[in-house]
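Chemist: Below you will find the structure I want to go over with you.
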Amino acid sequence: MAGDETSKPREKRKYEFSEHLQVVVGSEKKHFIVHKDVITCRSPFFAAASAERWNNSGDVKPIELPDEDPKIFSTYLQWLYHAEVVVEDKPNNEFSELIKAYIMADKFGDLTCANAIADEIIRSGIIHNCIPTVSDIHTAFEDTPDGSPLRKLLVDFWMFEADDEAFSTRSEFLPYTFLATFFRRHNEVQKGRLSQTVMQVYGASVSQQGKCAYHRHDASHPACGA
Ligand SMILES: [Zn+2]
């Protein structure tokens with residue numbers, strides 16, 4: 001969150017482009033070649049995996065990610081090399097792909113990427129006027145810990161953007177963890193009534209909550225605008 005992070009600007013870093021990592025992704029074993037320095041600088045997951053490969057054997061074994069989707073890993077590489085979040089160009093699929101990409105970036109420990117994807121989820125939801133599906137929610141809540149900004153974002157989409165029809169037809173299929181987070185968040189909003197009218201509280205939207213409300217920042221990932 002903004003305000004409780006370091007305000008130090010990011011230190012400049014000179015990359016070394018002579019070493020590569022091979023990453024094998026998915027059950028189909030799709031091979032990717034990535035500059036070692038580029039990915040290990042951004043991802044603690046790959047920094048640890050890379051160190052393990054070098055120390056144990058002397059030669060570099062591929063990093064295997066059999067449970068990941070090569071298509072989503074390509075989205076991560078797009079971010080890594082071009083600082084753009086690009087998923088399948090299908091409006092009804094974009095939301096789900098973004099959620100999967102967020103989960104992958106979060107797993108890799110790349111908070112800058114995860115934060116950028118959170119922004120894209122907000123943009124996509126508002127532009128396409130959609131809320132996360134029950135399937136999206138199950139995916140997100142199975143693969144993220146309690147307190148994850150993604151959980152809060154998906155809950156807020158339902159709290160601020162869902163209509164009565166969504167609640168009456170789909171709420172019984174939502175996971176317990178989602179409903180528990182929903183009621184906790186609802187309680188926070190209710191307490192906000194003290195300083196706002198009911199209309200102001202329920203007239204809010206996800207996009208008005210402030211992007212950093214759905215970001216994670218730490219010493220290595222300074223707050224937006226810092
Ligand atoms: Zn931020």
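Scheme for the structure tokens: letters A, B, ... for chains in order shown; per-chain residue numbers from 1; ligand numbers from 1 in order shown.
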Can you check which parts of chain A lie within 9 Å of ligand 1? Per residue, the shortest pair of atoms and distance in Å to one decimal, counting only C-alpha atoms and all ligand atoms, sorted by chain and number, as a tab-separated table.
Modeler:
residue	atom	partner	partner_atom_place_in_ligand_line	distance
A:Met1	CA	ligand 1	1 (Zn)	6.4
A:Ala2	CA	ligand 1	1 (Zn)	6.4
A:Thr112	CA	ligand 1	1 (Zn)	8.7
A:Asn115	CA	ligand 1	1 (Zn)	6.7
A:Ala116	CA	ligand 1	1 (Zn)	8.7
A:Gly210	CA	ligand 1	1 (Zn)	8.7
A:Lys211	CA	ligand 1	1 (Zn)	6.1
A:Cys212	CA	ligand 1	1 (Zn)	3.7
A:Ala213	CA	ligand 1	1 (Zn)	7.3
A:Tyr214	CA	ligand 1	1 (Zn)	7.5
A:His215	CA	ligand 1	1 (Zn)	4.9
A:Arg216	CA	ligand 1	1 (Zn)	6.7
A:His217	CA	ligand 1	1 (Zn)	6.7
A:Pro222	CA	ligand 1	1 (Zn)	7.9
A:Ala223	CA	ligand 1	1 (Zn)	4.9
A:Cys224	CA	ligand 1	1 (Zn)	4.1
A:Gly225	CA	ligand 1	1 (Zn)	7.7
Chemist: Residues of the last selection are to be written out with C-alpha atoms, as a compact mmCIF listing (two decimals), in the first residue's frame.
Modeler:
# COMPACT_ATOMS: atom_id res chain seq x y z
CA MET A 1 0.00 0.00 0.00
CA ALA A 2 1.13 3.51 -0.59
CA THR A 112 5.75 -5.33 -10.19
CA ASN A 115 0.55 -5.13 -9.70
CA ALA A 116 0.47 -4.31 -13.42
CA GLY A 210 -7.39 3.49 -6.07
CA LYS A 211 -5.02 1.17 -7.90
CA CYS A 212 -2.64 0.74 -4.96
CA ALA A 213 -5.55 -0.74 -3.00
CA TYR A 214 -4.93 -3.89 -5.07
CA HIS A 215 -1.11 -3.73 -5.18
CA ARG A 216 1.62 -5.23 -3.06
CA HIS A 217 4.82 -3.26 -2.46
CA PRO A 222 8.54 0.67 -4.30
CA ALA A 223 5.04 2.10 -4.09
CA CYS A 224 3.58 3.58 -7.27
CA GLY A 225 4.79 7.13 -7.74
Chemist: Mind dumping a table of every stretch 83-161 of chain A residue within 12 Å of stretch 16-40 of chain A, with the nearest atom pair and its distance in Å to one decimal, using only C-alpha atoms, sorted by chain and rising number, as a Markdown table?
Modeler:
| residue | atom | partner | partner_atom | distance |
| --- | --- | --- | --- | --- |
| A:Ala105 | CA | A:Ile39 | CA | 11.5 |
| A:Phe108 | CA | A:Ile39 | CA | 9.7 |
| A:Gly109 | CA | A:Thr40 | CA | 10.3 |
| A:Asp110 | CA | A:Ile39 | CA | 9.4 |
| A:Cys113 | CA | A:Ile39 | CA | 11.8 |
Chemist: Which residue out of A:Gln208, A:Ser168, A:Ser124, A:Thr177 has the minimum interatomic distance to A:Glu142 when only C-alpha atoms are used?
Modeler: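 So, comparing all the options, the nearest one is A:Thr177.
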Chemist: Just the residues within 8 Å of A:His138, please, counting only C-alpha atoms, with nothing from its chain fewer than 4 positions along; format it as a VMD selection string.
Modeler: chain A and resid 134 142 174 to 175
Chemist: Let's see if you can do this: from backbone DSSP, list all alpha helix (DSSP H) residues in stretch 17-198 of chain A, as a compact mmCIF listing (two decimals) with C-alpha atoms, in the first residue's frame.
Modeler:
# COMPACT_ATOMS: atom_id res chain seq x y z
CA LYS A 36 19.24 -15.47 -16.70
CA ASP A 37 19.91 -12.00 -15.34
CA VAL A 38 16.65 -10.56 -16.68
CA ILE A 39 14.43 -13.13 -15.01
CA THR A 40 16.37 -13.72 -11.77
CA CYS A 41 16.53 -9.97 -11.12
CA ARG A 42 12.72 -9.77 -11.18
CA PRO A 44 12.97 -14.54 -6.42
CA PHE A 45 11.48 -17.86 -7.53
CA PHE A 46 13.79 -18.04 -10.56
CA ALA A 47 16.74 -16.68 -8.58
CA ALA A 48 16.39 -19.60 -6.15
CA ALA A 49 15.69 -22.16 -8.87
CA SER A 50 18.66 -20.95 -10.91
CA ALA A 51 21.05 -21.04 -7.94
CA GLU A 52 19.95 -24.58 -7.19
CA ARG A 53 20.61 -25.71 -10.77
CA TRP A 54 24.12 -24.23 -10.81
CA ASN A 55 25.23 -25.40 -7.35
CA ASN A 56 24.13 -29.00 -7.48
CA SER A 57 25.55 -30.20 -10.74
CA PRO A 70 2.96 -22.22 -21.59
CA LYS A 71 0.49 -19.60 -22.88
CA ILE A 72 0.44 -17.87 -19.51
CA PHE A 73 4.22 -18.15 -19.20
CA SER A 74 4.47 -16.37 -22.57
CA THR A 75 2.39 -13.57 -21.07
CA TYR A 76 4.91 -13.34 -18.23
CA LEU A 77 7.84 -13.17 -20.69
CA GLN A 78 6.01 -10.46 -22.63
CA TRP A 79 5.95 -8.47 -19.41
CA LEU A 80 9.57 -9.28 -18.62
CA TYR A 81 10.92 -8.09 -21.97
CA HIS A 82 8.39 -5.47 -23.03
CA PRO A 91 -13.00 -10.17 -24.42
CA ASN A 92 -14.81 -13.03 -22.71
CA ASN A 93 -11.55 -14.85 -22.10
CA GLU A 94 -9.32 -11.92 -21.22
CA PHE A 95 -10.46 -11.72 -17.61
CA SER A 96 -9.72 -15.40 -16.92
CA GLU A 97 -6.31 -15.22 -18.62
CA LEU A 98 -5.39 -12.14 -16.60
CA ILE A 99 -6.30 -13.87 -13.35
CA LYS A 100 -4.12 -16.86 -14.27
CA ALA A 101 -1.27 -14.51 -15.23
CA TYR A 102 -1.59 -12.72 -11.88
CA ILE A 103 -1.37 -16.02 -10.01
CA MET A 104 1.78 -16.97 -11.96
CA ALA A 105 3.48 -13.59 -11.38
CA ASP A 106 2.62 -13.80 -7.69
CA LYS A 107 4.07 -17.33 -7.52
CA PHE A 108 7.27 -16.06 -9.15
CA LEU A 111 5.26 -7.98 -7.50
CA THR A 112 5.75 -5.33 -10.19
CA CYS A 113 4.24 -7.67 -12.76
CA ALA A 114 1.41 -8.78 -10.43
CA ASN A 115 0.55 -5.13 -9.70
CA ALA A 116 0.47 -4.31 -13.42
CA ILE A 117 -1.83 -7.28 -14.04
CA ALA A 118 -4.14 -6.13 -11.21
CA ASP A 119 -4.45 -2.81 -13.09
CA GLU A 120 -5.28 -4.71 -16.29
CA ILE A 121 -7.94 -6.78 -14.50
CA ILE A 122 -9.60 -3.55 -13.37
CA ARG A 123 -9.36 -2.08 -16.89
CA SER A 124 -10.73 -5.23 -18.52
CA GLY A 125 -13.61 -5.57 -16.05
CA ILE A 126 -14.66 -1.95 -16.50
CA ILE A 127 -14.27 -1.88 -20.31
CA VAL A 134 -17.56 -18.41 -10.43
CA SER A 135 -14.86 -20.41 -12.23
CA ASP A 136 -12.44 -17.44 -12.12
CA ILE A 137 -13.09 -17.08 -8.40
CA HIS A 138 -12.47 -20.76 -7.70
CA THR A 139 -9.18 -20.55 -9.64
CA ALA A 140 -8.04 -17.44 -7.76
CA PHE A 141 -9.03 -18.60 -4.28
CA GLU A 142 -7.47 -22.04 -4.72
CA ASP A 143 -4.10 -20.59 -5.77
CA PRO A 149 -4.71 -8.41 -3.26
CA LEU A 150 -6.23 -10.53 -6.06
CA ARG A 151 -8.76 -11.96 -3.60
CA LYS A 152 -9.66 -8.45 -2.45
CA LEU A 153 -9.98 -7.26 -6.06
CA LEU A 154 -12.32 -10.08 -7.08
CA VAL A 155 -14.41 -9.62 -3.94
CA ASP A 156 -14.68 -5.89 -4.66
CA PHE A 157 -15.80 -6.56 -8.21
CA TRP A 158 -18.71 -8.52 -6.80
CA MET A 159 -19.35 -6.02 -4.01
CA PHE A 160 -19.36 -2.91 -6.21
CA GLU A 161 -20.20 -4.16 -9.69
CA ASP A 164 -28.97 -8.72 -8.11
CA GLU A 165 -29.16 -11.34 -10.84
CA ALA A 166 -25.54 -12.39 -10.25
CA PHE A 167 -26.15 -12.84 -6.54
CA SER A 168 -29.44 -14.70 -6.94
CA THR A 169 -28.21 -17.16 -9.58
CA ARG A 170 -24.55 -17.71 -8.80
CA TYR A 176 -16.61 -20.47 1.26
CA THR A 177 -13.27 -18.61 1.33
CA PHE A 178 -14.66 -16.04 -1.13
CA LEU A 179 -17.82 -15.50 0.95
CA ALA A 180 -15.75 -15.18 4.15
CA THR A 181 -13.58 -12.51 2.50
CA PHE A 182 -16.70 -10.85 1.06
CA PHE A 183 -18.35 -10.47 4.46
CA ARG A 184 -15.11 -9.25 6.04
CA ARG A 185 -14.72 -6.63 3.30
CA HIS A 186 -18.42 -5.75 3.51
CA ASN A 187 -17.95 -5.08 7.21
CA GLU A 188 -15.05 -2.72 6.45
CA VAL A 189 -17.24 -0.85 3.97
CA GLN A 190 -20.09 -0.69 6.46
CA LYS A 191 -17.80 0.91 9.03
CA VAL A 198 -24.93 5.01 2.02
Chemist: Could you state the separation of atom CA of A:Ala219 and atom CA of A:Ser43 in Å, given to one decimal place?
Modeler: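 These two atoms are separated by 14.2 Å.
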Chemist: Tell me which of A:Asp146, A:Glu84, A:Ser171, A:Asp163 sits closest to A:Ile131, counting only C-alpha atoms.
Modeler: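 Closest to A:Ile131 of all the choices is A:Asp163.
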